[in-house]
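Source file: run.cif (mmCIF, C-alpha atoms, pLDDT in the B column; chains and numbers go by the auth columns)
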data_work
#
loop_
_atom_site.group_PDB
_atom_site.id
_atom_site.type_symbol
_atom_site.label_atom_id
_atom_site.label_comp_id
_atom_site.label_asym_id
_atom_site.label_seq_id
_atom_site.Cartn_x
_atom_site.Cartn_y
_atom_site.Cartn_z
_atom_site.B_iso_or_equiv
_atom_site.auth_seq_id
_atom_site.auth_asym_id
ATOM 1 C CA MET A 1 -46.857 -10.705 44.214 89.00 22 A
ATOM 2 C CA LEU A 2 -50.134 -8.819 44.296 90.00 23 A
ATOM 3 C CA PRO A 3 -52.874 -10.332 42.118 90.00 24 A
ATOM 4 C CA GLY A 4 -52.621 -8.979 38.595 92.00 25 A
ATOM 5 C CA GLY A 5 -48.944 -8.154 39.071 93.00 26 A
ATOM 6 C CA THR A 6 -46.296 -8.312 36.396 95.00 27 A
ATOM 7 C CA ILE A 7 -42.938 -10.058 36.410 94.00 28 A
ATOM 8 C CA PHE A 8 -40.257 -8.675 34.095 96.00 29 A
ATOM 9 C CA PRO A 9 -37.516 -11.287 33.588 94.00 30 A
ATOM 10 C CA LEU A 10 -34.806 -8.960 32.225 94.00 31 A
ATOM 11 C CA THR A 11 -31.970 -11.409 32.879 88.00 32 A
ATOM 12 C CA VAL A 12 -30.767 -12.886 29.590 87.00 33 A
ATOM 13 C CA ASP A 13 -31.439 -16.605 29.861 87.00 34 A
ATOM 14 C CA PHE A 14 -31.773 -19.542 27.470 89.00 35 A
ATOM 15 C CA ASP A 15 -33.734 -21.745 29.877 88.00 36 A
ATOM 16 C CA ARG A 16 -37.457 -22.232 30.205 86.00 37 A
ATOM 17 C CA THR A 17 -39.341 -20.043 32.629 84.00 38 A
ATOM 18 C CA PRO A 18 -39.117 -21.319 36.229 84.00 39 A
ATOM 19 C CA VAL A 19 -42.470 -19.750 37.140 85.00 40 A
ATOM 20 C CA ARG A 20 -45.286 -22.204 37.757 82.00 41 A
ATOM 21 C CA MET A 21 -48.327 -21.859 35.512 86.00 42 A
ATOM 22 C CA LEU A 22 -50.634 -22.303 38.503 84.00 43 A
ATOM 23 C CA LYS A 23 -49.197 -19.167 40.133 82.00 44 A
ATOM 24 C CA LEU A 24 -49.899 -17.174 37.012 88.00 45 A
ATOM 25 C CA ILE A 25 -53.448 -18.483 36.710 89.00 46 A
ATOM 26 C CA PHE A 26 -54.642 -18.139 40.293 86.00 47 A
ATOM 27 C CA SER A 27 -52.981 -14.801 40.975 87.00 48 A
ATOM 28 C CA GLY A 28 -53.648 -13.380 37.521 91.00 49 A
ATOM 29 C CA LEU A 29 -49.945 -12.676 37.103 92.00 50 A
ATOM 30 C CA SER A 30 -48.225 -11.814 33.857 93.00 51 A
ATOM 31 C CA ILE A 31 -44.707 -12.481 32.700 94.00 52 A
ATOM 32 C CA GLN A 32 -43.817 -9.566 30.468 95.00 53 A
ATOM 33 C CA GLY A 33 -40.818 -9.889 28.175 94.00 54 A
ATOM 34 C CA SER A 34 -39.018 -6.680 27.324 95.00 55 A
ATOM 35 C CA ALA A 35 -35.869 -6.001 25.298 92.00 56 A
ATOM 36 C CA GLY A 36 -34.397 -2.525 25.431 92.00 57 A
ATOM 37 C CA ALA A 37 -36.685 0.364 24.617 95.00 58 A
ATOM 38 C CA PRO A 38 -37.929 1.894 21.371 95.00 59 A
ATOM 39 C CA ARG A 39 -36.191 5.067 20.228 95.00 60 A
ATOM 40 C CA ARG A 40 -39.061 7.246 21.419 95.00 61 A
ATOM 41 C CA GLU A 41 -38.679 5.864 24.932 97.00 62 A
ATOM 42 C CA VAL A 42 -34.873 6.218 24.924 97.00 63 A
ATOM 43 C CA ARG A 43 -35.339 9.931 24.141 97.00 64 A
ATOM 44 C CA ARG A 44 -37.845 10.234 26.992 98.00 65 A
ATOM 45 C CA MET A 45 -35.422 8.426 29.321 98.00 66 A
ATOM 46 C CA LEU A 46 -32.614 10.890 28.534 98.00 67 A
ATOM 47 C CA LYS A 47 -34.938 13.827 29.242 98.00 68 A
ATOM 48 C CA PHE A 48 -36.144 12.202 32.475 98.00 69 A
ATOM 49 C CA CYS A 49 -32.549 11.650 33.612 98.00 70 A
ATOM 50 C CA VAL A 50 -31.686 15.328 33.128 98.00 71 A
ATOM 51 C CA GLN A 51 -34.907 16.448 34.801 98.00 72 A
ATOM 52 C CA HIS A 52 -34.351 14.287 37.888 98.00 73 A
ATOM 53 C CA ASN A 53 -30.562 14.352 37.954 97.00 74 A
ATOM 54 C CA ILE A 54 -30.274 10.597 37.465 98.00 75 A
ATOM 55 C CA HIS A 55 -27.028 9.122 36.236 96.00 76 A
ATOM 56 C CA PRO A 56 -25.429 5.711 36.310 98.00 77 A
ATOM 57 C CA THR A 57 -22.820 5.020 38.974 97.00 78 A
ATOM 58 C CA ILE A 58 -19.736 4.258 36.910 97.00 79 A
ATOM 59 C CA MET A 59 -16.089 3.302 37.102 97.00 80 A
ATOM 60 C CA THR A 60 -13.982 4.579 34.220 97.00 81 A
ATOM 61 C CA TRP A 61 -10.800 3.466 32.508 97.00 82 A
ATOM 62 C CA PRO A 62 -9.056 4.804 29.437 96.00 83 A
ATOM 63 C CA LEU A 63 -10.021 3.104 26.184 93.00 84 A
ATOM 64 C CA ASN A 64 -6.821 1.131 25.608 93.00 85 A
ATOM 65 C CA GLN A 65 -5.602 -2.405 26.225 96.00 86 A
ATOM 66 C CA LYS A 66 -4.526 -1.738 29.814 97.00 87 A
ATOM 67 C CA GLY A 67 -7.805 -0.019 30.650 97.00 88 A
ATOM 68 C CA ALA A 68 -9.901 -2.794 29.100 96.00 89 A
ATOM 69 C CA THR A 69 -7.908 -5.495 30.922 97.00 90 A
ATOM 70 C CA GLU A 70 -8.334 -3.775 34.281 97.00 91 A
ATOM 71 C CA ALA A 71 -12.044 -3.163 33.664 97.00 92 A
ATOM 72 C CA LEU A 72 -12.653 -6.831 32.821 97.00 93 A
ATOM 73 C CA LYS A 73 -10.760 -7.926 35.927 97.00 94 A
ATOM 74 C CA THR A 74 -12.924 -5.651 38.083 97.00 95 A
ATOM 75 C CA LEU A 75 -16.027 -7.134 36.448 94.00 96 A
ATOM 76 C CA LYS A 76 -14.863 -10.726 36.957 95.00 97 A
ATOM 77 C CA ASP A 77 -14.021 -9.990 40.602 95.00 98 A
ATOM 78 C CA GLY A 78 -17.576 -8.762 41.105 90.00 99 A
ATOM 79 C CA LYS A 79 -16.330 -5.328 42.114 92.00 100 A
ATOM 80 C CA MET A 80 -17.890 -3.196 39.388 93.00 101 A
ATOM 81 C CA ARG A 81 -19.998 -0.378 40.856 93.00 102 A
ATOM 82 C CA TYR A 82 -22.118 -0.431 38.780 95.00 103 A
ATOM 83 C CA ARG A 83 -21.088 0.028 35.186 96.00 104 A
ATOM 84 C CA GLY A 84 -17.607 0.119 33.706 96.00 105 A
ATOM 85 C CA VAL A 85 -16.970 2.694 30.988 96.00 106 A
ATOM 86 C CA LEU A 86 -13.919 2.844 28.736 94.00 107 A
ATOM 87 C CA VAL A 87 -13.426 6.508 27.876 93.00 108 A
ATOM 88 C CA ALA A 88 -11.931 7.394 24.475 88.00 109 A
ATOM 89 C CA GLN A 89 -8.781 9.446 24.891 84.00 110 A
ATOM 90 C CA MET B 1 -42.017 -0.814 18.184 78.00 244 B
ATOM 91 C CA ASP B 2 -38.693 -0.534 16.465 87.00 245 B
ATOM 92 C CA VAL B 3 -36.857 -2.901 18.838 89.00 246 B
ATOM 93 C CA TYR B 4 -39.110 -5.723 17.625 91.00 247 B
ATOM 94 C CA CYS B 5 -39.066 -4.740 13.941 90.00 248 B
ATOM 95 C CA VAL B 6 -38.862 -7.891 11.797 90.00 249 B
ATOM 96 C CA ASN B 7 -36.722 -6.072 9.224 89.00 250 B
ATOM 97 C CA LYS B 8 -34.279 -4.521 11.674 85.00 251 B
ATOM 98 C CA LYS B 9 -30.567 -4.691 11.068 81.00 252 B
ATOM 99 C CA GLU B 10 -28.727 -4.390 14.321 79.00 253 B
ATOM 100 C CA PHE B 11 -25.356 -4.729 15.913 78.00 254 B
ATOM 101 C CA ILE B 12 -23.976 -8.311 16.165 79.00 255 B
ATOM 102 C CA SER B 13 -26.837 -10.138 14.411 81.00 256 B
ATOM 103 C CA HIS B 14 -26.459 -8.121 11.194 83.00 257 B
ATOM 104 C CA ASP B 15 -23.527 -5.787 11.469 79.00 258 B
ATOM 105 C CA ARG B 16 -20.369 -6.085 13.522 81.00 259 B
ATOM 106 C CA ASP B 17 -18.897 -2.850 12.233 80.00 260 B
ATOM 107 C CA GLU B 18 -21.123 -0.416 14.031 76.00 261 B
ATOM 108 C CA GLY B 19 -18.333 2.082 14.561 78.00 262 B
ATOM 109 C CA SER B 20 -18.108 2.394 18.342 73.00 263 B
ATOM 110 C CA PHE B 21 -14.330 2.347 18.336 74.00 264 B
ATOM 111 C CA GLY B 22 -13.913 4.593 15.310 80.00 265 B
ATOM 112 C CA SER B 23 -13.302 8.324 15.307 84.00 266 B
ATOM 113 C CA HIS B 24 -16.128 8.985 12.826 87.00 267 B
ATOM 114 C CA VAL B 25 -19.105 7.039 11.543 85.00 268 B
ATOM 115 C CA ALA B 26 -22.020 7.763 9.203 87.00 269 B
ATOM 116 C CA TRP B 27 -25.426 6.609 10.421 86.00 270 B
ATOM 117 C CA ASP B 28 -29.081 7.294 9.725 86.00 271 B
ATOM 118 C CA ALA B 29 -29.978 10.209 11.993 91.00 272 B
ATOM 119 C CA ASP B 30 -33.274 8.475 12.891 88.00 273 B
ATOM 120 C CA ALA B 31 -31.283 5.805 14.693 85.00 274 B
ATOM 121 C CA LEU B 32 -29.192 8.230 16.753 90.00 275 B
ATOM 122 C CA PHE B 33 -29.847 10.098 19.970 94.00 276 B
ATOM 123 C CA ILE B 34 -28.901 13.625 20.853 95.00 277 B
ATOM 124 C CA ILE B 35 -27.211 13.425 24.234 96.00 278 B
ATOM 125 C CA PRO B 36 -28.414 16.341 26.372 97.00 279 B
ATOM 126 C CA LYS B 37 -25.693 18.922 27.043 97.00 280 B
ATOM 127 C CA GLU B 38 -26.232 18.470 30.792 97.00 281 B
ATOM 128 C CA MET B 39 -25.237 14.794 30.502 97.00 282 B
ATOM 129 C CA LYS B 40 -21.682 13.474 30.438 96.00 283 B
ATOM 130 C CA SER B 41 -20.856 11.149 27.564 94.00 284 B
ATOM 131 C CA GLU B 42 -19.601 8.460 29.968 96.00 285 B
ATOM 132 C CA HIS B 43 -22.944 8.582 31.780 97.00 286 B
ATOM 133 C CA ALA B 44 -24.918 8.404 28.529 97.00 287 B
ATOM 134 C CA GLY B 45 -23.168 5.157 27.526 95.00 288 B
ATOM 135 C CA PRO B 46 -24.620 2.852 30.208 96.00 289 B
ATOM 136 C CA LEU B 47 -28.051 4.462 29.754 97.00 290 B
ATOM 137 C CA MET B 48 -28.166 3.327 26.113 94.00 291 B
ATOM 138 C CA CYS B 49 -28.225 -0.372 27.045 92.00 292 B
ATOM 139 C CA GLY B 50 -28.807 -1.127 30.713 95.00 293 B
ATOM 140 C CA GLY B 51 -30.787 2.075 31.218 97.00 294 B
ATOM 141 C CA ALA B 52 -32.993 1.468 28.172 97.00 295 B
ATOM 142 C CA THR B 53 -33.652 -2.124 29.289 97.00 296 B
ATOM 143 C CA VAL B 54 -35.138 -1.130 32.639 98.00 297 B
ATOM 144 C CA TRP B 55 -36.734 2.046 31.282 98.00 298 B
ATOM 145 C CA GLY B 56 -38.465 -0.069 28.619 97.00 299 B
ATOM 146 C CA ALA B 57 -40.012 -2.262 31.309 97.00 300 B
ATOM 147 C CA LEU B 58 -41.018 0.638 33.561 98.00 301 B
ATOM 148 C CA SER B 59 -42.365 2.966 30.880 97.00 302 B
ATOM 149 C CA GLN B 60 -44.427 0.758 28.587 96.00 303 B
ATOM 150 C CA TYR B 61 -46.588 -1.489 30.742 96.00 304 B
ATOM 151 C CA ASN B 62 -48.979 0.682 32.720 94.00 305 B
ATOM 152 C CA LEU B 63 -46.827 1.329 35.763 96.00 306 B
ATOM 153 C CA LYS B 64 -48.576 3.595 38.258 96.00 307 B
ATOM 154 C CA ALA B 65 -47.037 5.985 40.772 97.00 308 B
ATOM 155 C CA THR B 66 -48.891 4.070 43.487 96.00 309 B
ATOM 156 C CA ASP B 67 -47.328 0.726 42.523 96.00 310 B
ATOM 157 C CA ARG B 68 -44.873 -1.180 44.651 96.00 311 B
ATOM 158 C CA VAL B 69 -41.961 -2.081 42.416 97.00 312 B
ATOM 159 C CA GLY B 70 -39.551 -4.869 43.331 97.00 313 B
ATOM 160 C CA VAL B 71 -36.042 -4.883 41.906 97.00 314 B
ATOM 161 C CA ILE B 72 -34.098 -8.138 42.315 96.00 315 B
ATOM 162 C CA GLY B 73 -30.362 -7.605 41.896 95.00 316 B
ATOM 163 C CA ILE B 74 -28.567 -4.313 42.392 96.00 317 B
ATOM 164 C CA GLY B 75 -26.100 -4.019 39.557 94.00 318 B
ATOM 165 C CA GLY B 76 -25.785 -2.262 36.228 94.00 319 B
ATOM 166 C CA LEU B 77 -29.519 -2.553 35.528 96.00 320 B
ATOM 167 C CA GLY B 78 -30.891 -2.659 39.045 97.00 321 B
ATOM 168 C CA HIS B 79 -29.221 0.522 40.293 98.00 322 B
ATOM 169 C CA LEU B 80 -30.862 2.440 37.439 98.00 323 B
ATOM 170 C CA ALA B 81 -34.222 0.684 37.864 98.00 324 B
ATOM 171 C CA ILE B 82 -34.315 1.795 41.517 98.00 325 B
ATOM 172 C CA GLN B 83 -33.611 5.421 40.556 98.00 326 B
ATOM 173 C CA PHE B 84 -36.155 5.470 37.708 98.00 327 B
ATOM 174 C CA ALA B 85 -39.000 3.823 39.632 98.00 328 B
ATOM 175 C CA SER B 86 -38.355 5.953 42.686 98.00 329 B
ATOM 176 C CA LYS B 87 -38.453 9.210 40.681 98.00 330 B
ATOM 177 C CA MET B 88 -41.593 7.968 38.916 98.00 331 B
ATOM 178 C CA GLY B 89 -43.166 8.054 42.368 98.00 332 B
ATOM 179 C CA CYS B 90 -43.245 4.335 43.174 98.00 333 B
ATOM 180 C CA GLU B 91 -42.313 2.556 46.353 97.00 334 B
ATOM 181 C CA VAL B 92 -39.223 0.535 45.508 98.00 335 B
ATOM 182 C CA ILE B 93 -38.268 -2.668 47.277 97.00 336 B
ATOM 183 C CA ALA B 94 -34.673 -3.630 46.510 97.00 337 B
ATOM 184 C CA PHE B 95 -33.691 -7.295 46.873 96.00 338 B
ATOM 185 C CA SER B 96 -30.031 -8.217 47.144 96.00 339 B
ATOM 186 C CA GLY B 97 -28.162 -11.293 48.312 94.00 340 B
ATOM 187 C CA THR B 98 -26.397 -9.633 51.233 94.00 341 B
ATOM 188 C CA GLU B 99 -26.522 -6.383 53.190 96.00 342 B
ATOM 189 C CA SER B 100 -23.452 -5.005 51.377 94.00 343 B
ATOM 190 C CA LYS B 101 -25.377 -2.764 48.966 95.00 344 B
ATOM 191 C CA LYS B 102 -28.025 -1.593 51.449 97.00 345 B
ATOM 192 C CA ALA B 103 -26.788 1.978 51.954 97.00 346 B
ATOM 193 C CA GLU B 104 -26.327 2.496 48.219 97.00 347 B
ATOM 194 C CA ALA B 105 -29.738 1.034 47.358 98.00 348 B
ATOM 195 C CA LEU B 106 -31.458 3.352 49.827 98.00 349 B
ATOM 196 C CA ALA B 107 -29.451 6.302 48.452 98.00 350 B
ATOM 197 C CA PHE B 108 -30.670 5.393 44.940 98.00 351 B
ATOM 198 C CA GLY B 109 -34.212 5.825 46.255 98.00 352 B
ATOM 199 C CA ALA B 110 -35.276 2.380 47.471 98.00 353 B
ATOM 200 C CA THR B 111 -37.902 2.582 50.223 98.00 354 B
ATOM 201 C CA GLU B 112 -37.140 -0.916 51.507 97.00 355 B
ATOM 202 C CA PHE B 113 -34.099 -3.157 51.295 97.00 356 B
ATOM 203 C CA VAL B 114 -34.222 -6.938 51.671 96.00 357 B
ATOM 204 C CA ALA B 115 -31.107 -9.113 52.014 96.00 358 B
ATOM 205 C CA THR B 116 -32.352 -12.493 50.803 94.00 359 B
ATOM 206 C CA LYS B 117 -29.476 -14.720 51.921 92.00 360 B
ATOM 207 C CA GLY B 118 -30.699 -17.203 54.522 90.00 361 B
ATOM 208 C CA LEU B 119 -34.336 -16.181 54.207 90.00 362 B
ATOM 209 C CA LYS B 120 -36.836 -19.043 53.867 88.00 363 B
ATOM 210 C CA ASP B 121 -39.670 -16.901 52.597 86.00 364 B
ATOM 211 C CA LEU B 122 -40.647 -13.257 52.101 89.00 365 B
ATOM 212 C CA LYS B 123 -43.950 -13.301 53.966 85.00 366 B
ATOM 213 C CA HIS B 124 -42.878 -10.323 56.074 88.00 367 B
ATOM 214 C CA ILE B 125 -42.401 -8.208 52.946 90.00 368 B
ATOM 215 C CA GLY B 126 -45.397 -6.362 51.580 90.00 369 B
ATOM 216 C CA LYS B 127 -46.656 -7.597 48.241 90.00 370 B
ATOM 217 C CA ILE B 128 -45.490 -6.176 44.955 93.00 371 B
ATOM 218 C CA ASN B 129 -47.202 -5.040 41.759 94.00 372 B
ATOM 219 C CA GLN B 130 -44.273 -5.057 39.369 96.00 373 B
ATOM 220 C CA LEU B 131 -41.188 -7.201 39.785 96.00 374 B
ATOM 221 C CA LEU B 132 -38.064 -6.496 37.751 97.00 375 B
ATOM 222 C CA ILE B 133 -35.513 -9.293 37.690 95.00 376 B
ATOM 223 C CA THR B 134 -32.128 -7.777 36.905 95.00 377 B
ATOM 224 C CA THR B 135 -29.755 -10.366 38.348 93.00 378 B
ATOM 225 C CA SER B 136 -26.929 -11.792 36.238 86.00 379 B
ATOM 226 C CA GLU B 137 -28.325 -15.285 36.900 86.00 380 B
ATOM 227 C CA GLN B 138 -31.892 -16.326 37.652 87.00 381 B
ATOM 228 C CA PRO B 139 -32.863 -15.757 41.289 89.00 382 B
ATOM 229 C CA ASP B 140 -34.433 -18.389 43.551 87.00 383 B
ATOM 230 C CA TYR B 141 -38.025 -18.208 42.335 85.00 384 B
ATOM 231 C CA ASP B 142 -39.120 -20.378 45.268 82.00 385 B
ATOM 232 C CA LEU B 143 -38.200 -17.585 47.646 86.00 386 B
ATOM 233 C CA TYR B 144 -40.424 -15.173 45.767 83.00 387 B
ATOM 234 C CA ASN B 145 -43.243 -17.715 45.963 77.00 388 B
ATOM 235 C CA LEU B 146 -43.452 -17.994 42.196 73.00 389 B
ATOM 236 C CA CYS B 147 -42.769 -21.676 41.660 57.00 390 B
ATOM 237 C CA ASN B 148 -43.944 -23.594 44.727 51.00 391 B
ATOM 238 C CA ASP B 149 -46.242 -26.488 43.989 46.00 392 B
ATOM 239 C CA GLY B 150 -49.745 -25.176 44.198 44.00 393 B
ATOM 240 C CA LEU B 151 -51.882 -27.858 45.805 49.00 394 B
ATOM 241 C CA LEU B 152 -55.343 -27.943 44.352 51.00 395 B
ATOM 242 C CA ILE B 153 -57.840 -29.967 46.361 53.00 396 B
ATOM 243 C CA LEU B 154 -60.920 -31.060 44.489 53.00 397 B
ATOM 244 C CA LYS B 155 -63.898 -32.297 46.438 53.00 398 B
ATOM 245 C CA VAL B 156 -65.584 -35.051 44.526 58.00 399 B
ATOM 246 C CA PRO B 157 -69.208 -35.463 45.538 54.00 400 B
#
Is it possible to express this structure as structure tokens?
Amino acid sequence: MLPGGTIFPLTVDFDRTPVRMLKLIFSGLSIQGSAGAPRREVRRMLKFCVQHNIHPTIMTWPLNQKGATEALKTLKDGKMRYRGVLVAQ
Amino acid sequence: MDVYCVNKKEFISHDRDEGSFGSHVAWDADALFIIPKEMKSEHAGPLMCGGATVWGALSQYNLKATDRVGVIGIGGLGHLAIQFASKMGCEVIAFSGTESKKAEALAFGATEFVATKGLKDLKHIGKINQLLITTSEQPDYDLYNLCNDGLLILKVP
């Protein structure tokens, strides 16, 4: 990390931080928590996505029991690229 | 910021009937988003959670276009973080366990790709300003030189 850098631990975790205090102090690092985004920023994100043609890479299944079962299997097998979406019929 | 509002009432912690699986639902318009007509509904879905999570980190904490942004873990969050940071003008260094996602990570806009499996350290990788950890489990912080024992030598006169 560059001095003054910021670490964003976005992984949901119930443990204590594994980062050493000394690293933070002597490199001036920050650990910045962040949960989701405020509504204003979600609106900006949607606009940004349209402007730059950004979209998630998804795998889709129909929104029914069979679709949900197959989607969960794909997730458990570690084969989801990169988000699974159940589409209402 | 509304996500940290002490009076918020949100899905799961306050209300399990938020209506996702219904045909119709009545909600306060302030809490809804208009999905742009150019965007498919199935693409908007993952943006509302995973997308907002990484966008929140990238948009609210003084990120600069000249920053080097590290993304650990290329999955639901990471693949969007790479695209966002890259389009914001940043250099993006994607870290993944193996080489399997290299081509995709570079296509998402990563400038560098690092397969961390078997690596003892990352000294050959240029340093990073902002590091987003988007893995499903915590990564090996030792590898990123964030938890090694700092040895402080004091000279006593």
Residue list for chain A near chain B as a ChimeraX atom specification, 8 Å, only C-alpha atoms: /A:22-34,39-41,43-44,55-60,62-64,66-68,71,73,75-79,102-104,106,108
d(atom CA of B:Lys307, atom CA of B:Ala348) in Å: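 That distance, rounded to one decimal, is 21.1 Å.
The two atoms in question, atom CA of B:Asn250 and atom CA of A:Arg65, are spaced 24.1 Å apart.
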Given 6 Å on each side, where is the centre and what are the edge lengths in Å to one decimal of the axis-aligned box enclosing the listed atoms of stretch 366-385 of chain B, as JSON?
{"center_x": -37.1, "center_y": -12.7, "center_z": 46.2, "size_x": 32.3, "size_y": 27.3, "size_z": 31.8}
Point-to-point distance from atom CA of A:Gly88 to atom CA of B:Gly262, Å rounded to tenths: 19.3 Å
Skipping near chain neighbours, those fewer than 6 positions away, what residues fall within 9 Å of stretch 91-98 of chain A using all atoms listed in the file, listed as an mmCIF file with C-alpha atoms, in the coordinates of the input?
data_model
loop_
_atom_site.group_PDB
_atom_site.id
_atom_site.type_symbol
_atom_site.label_atom_id
_atom_site.label_comp_id
_atom_site.auth_asym_id
_atom_site.auth_seq_id
_atom_site.Cartn_x
_atom_site.Cartn_y
_atom_site.Cartn_z
ATOM 1 C CA MET A 80 -16.089 3.302 37.102
ATOM 2 C CA THR A 81 -13.982 4.579 34.220
ATOM 3 C CA TRP A 82 -10.800 3.466 32.508
ATOM 4 C CA ARG A 104 -21.088 0.028 35.186
ATOM 5 C CA GLY A 105 -17.607 0.119 33.706
ATOM 6 C CA VAL A 106 -16.970 2.694 30.988
ATOM 7 C CA LEU A 107 -13.919 2.844 28.736
#
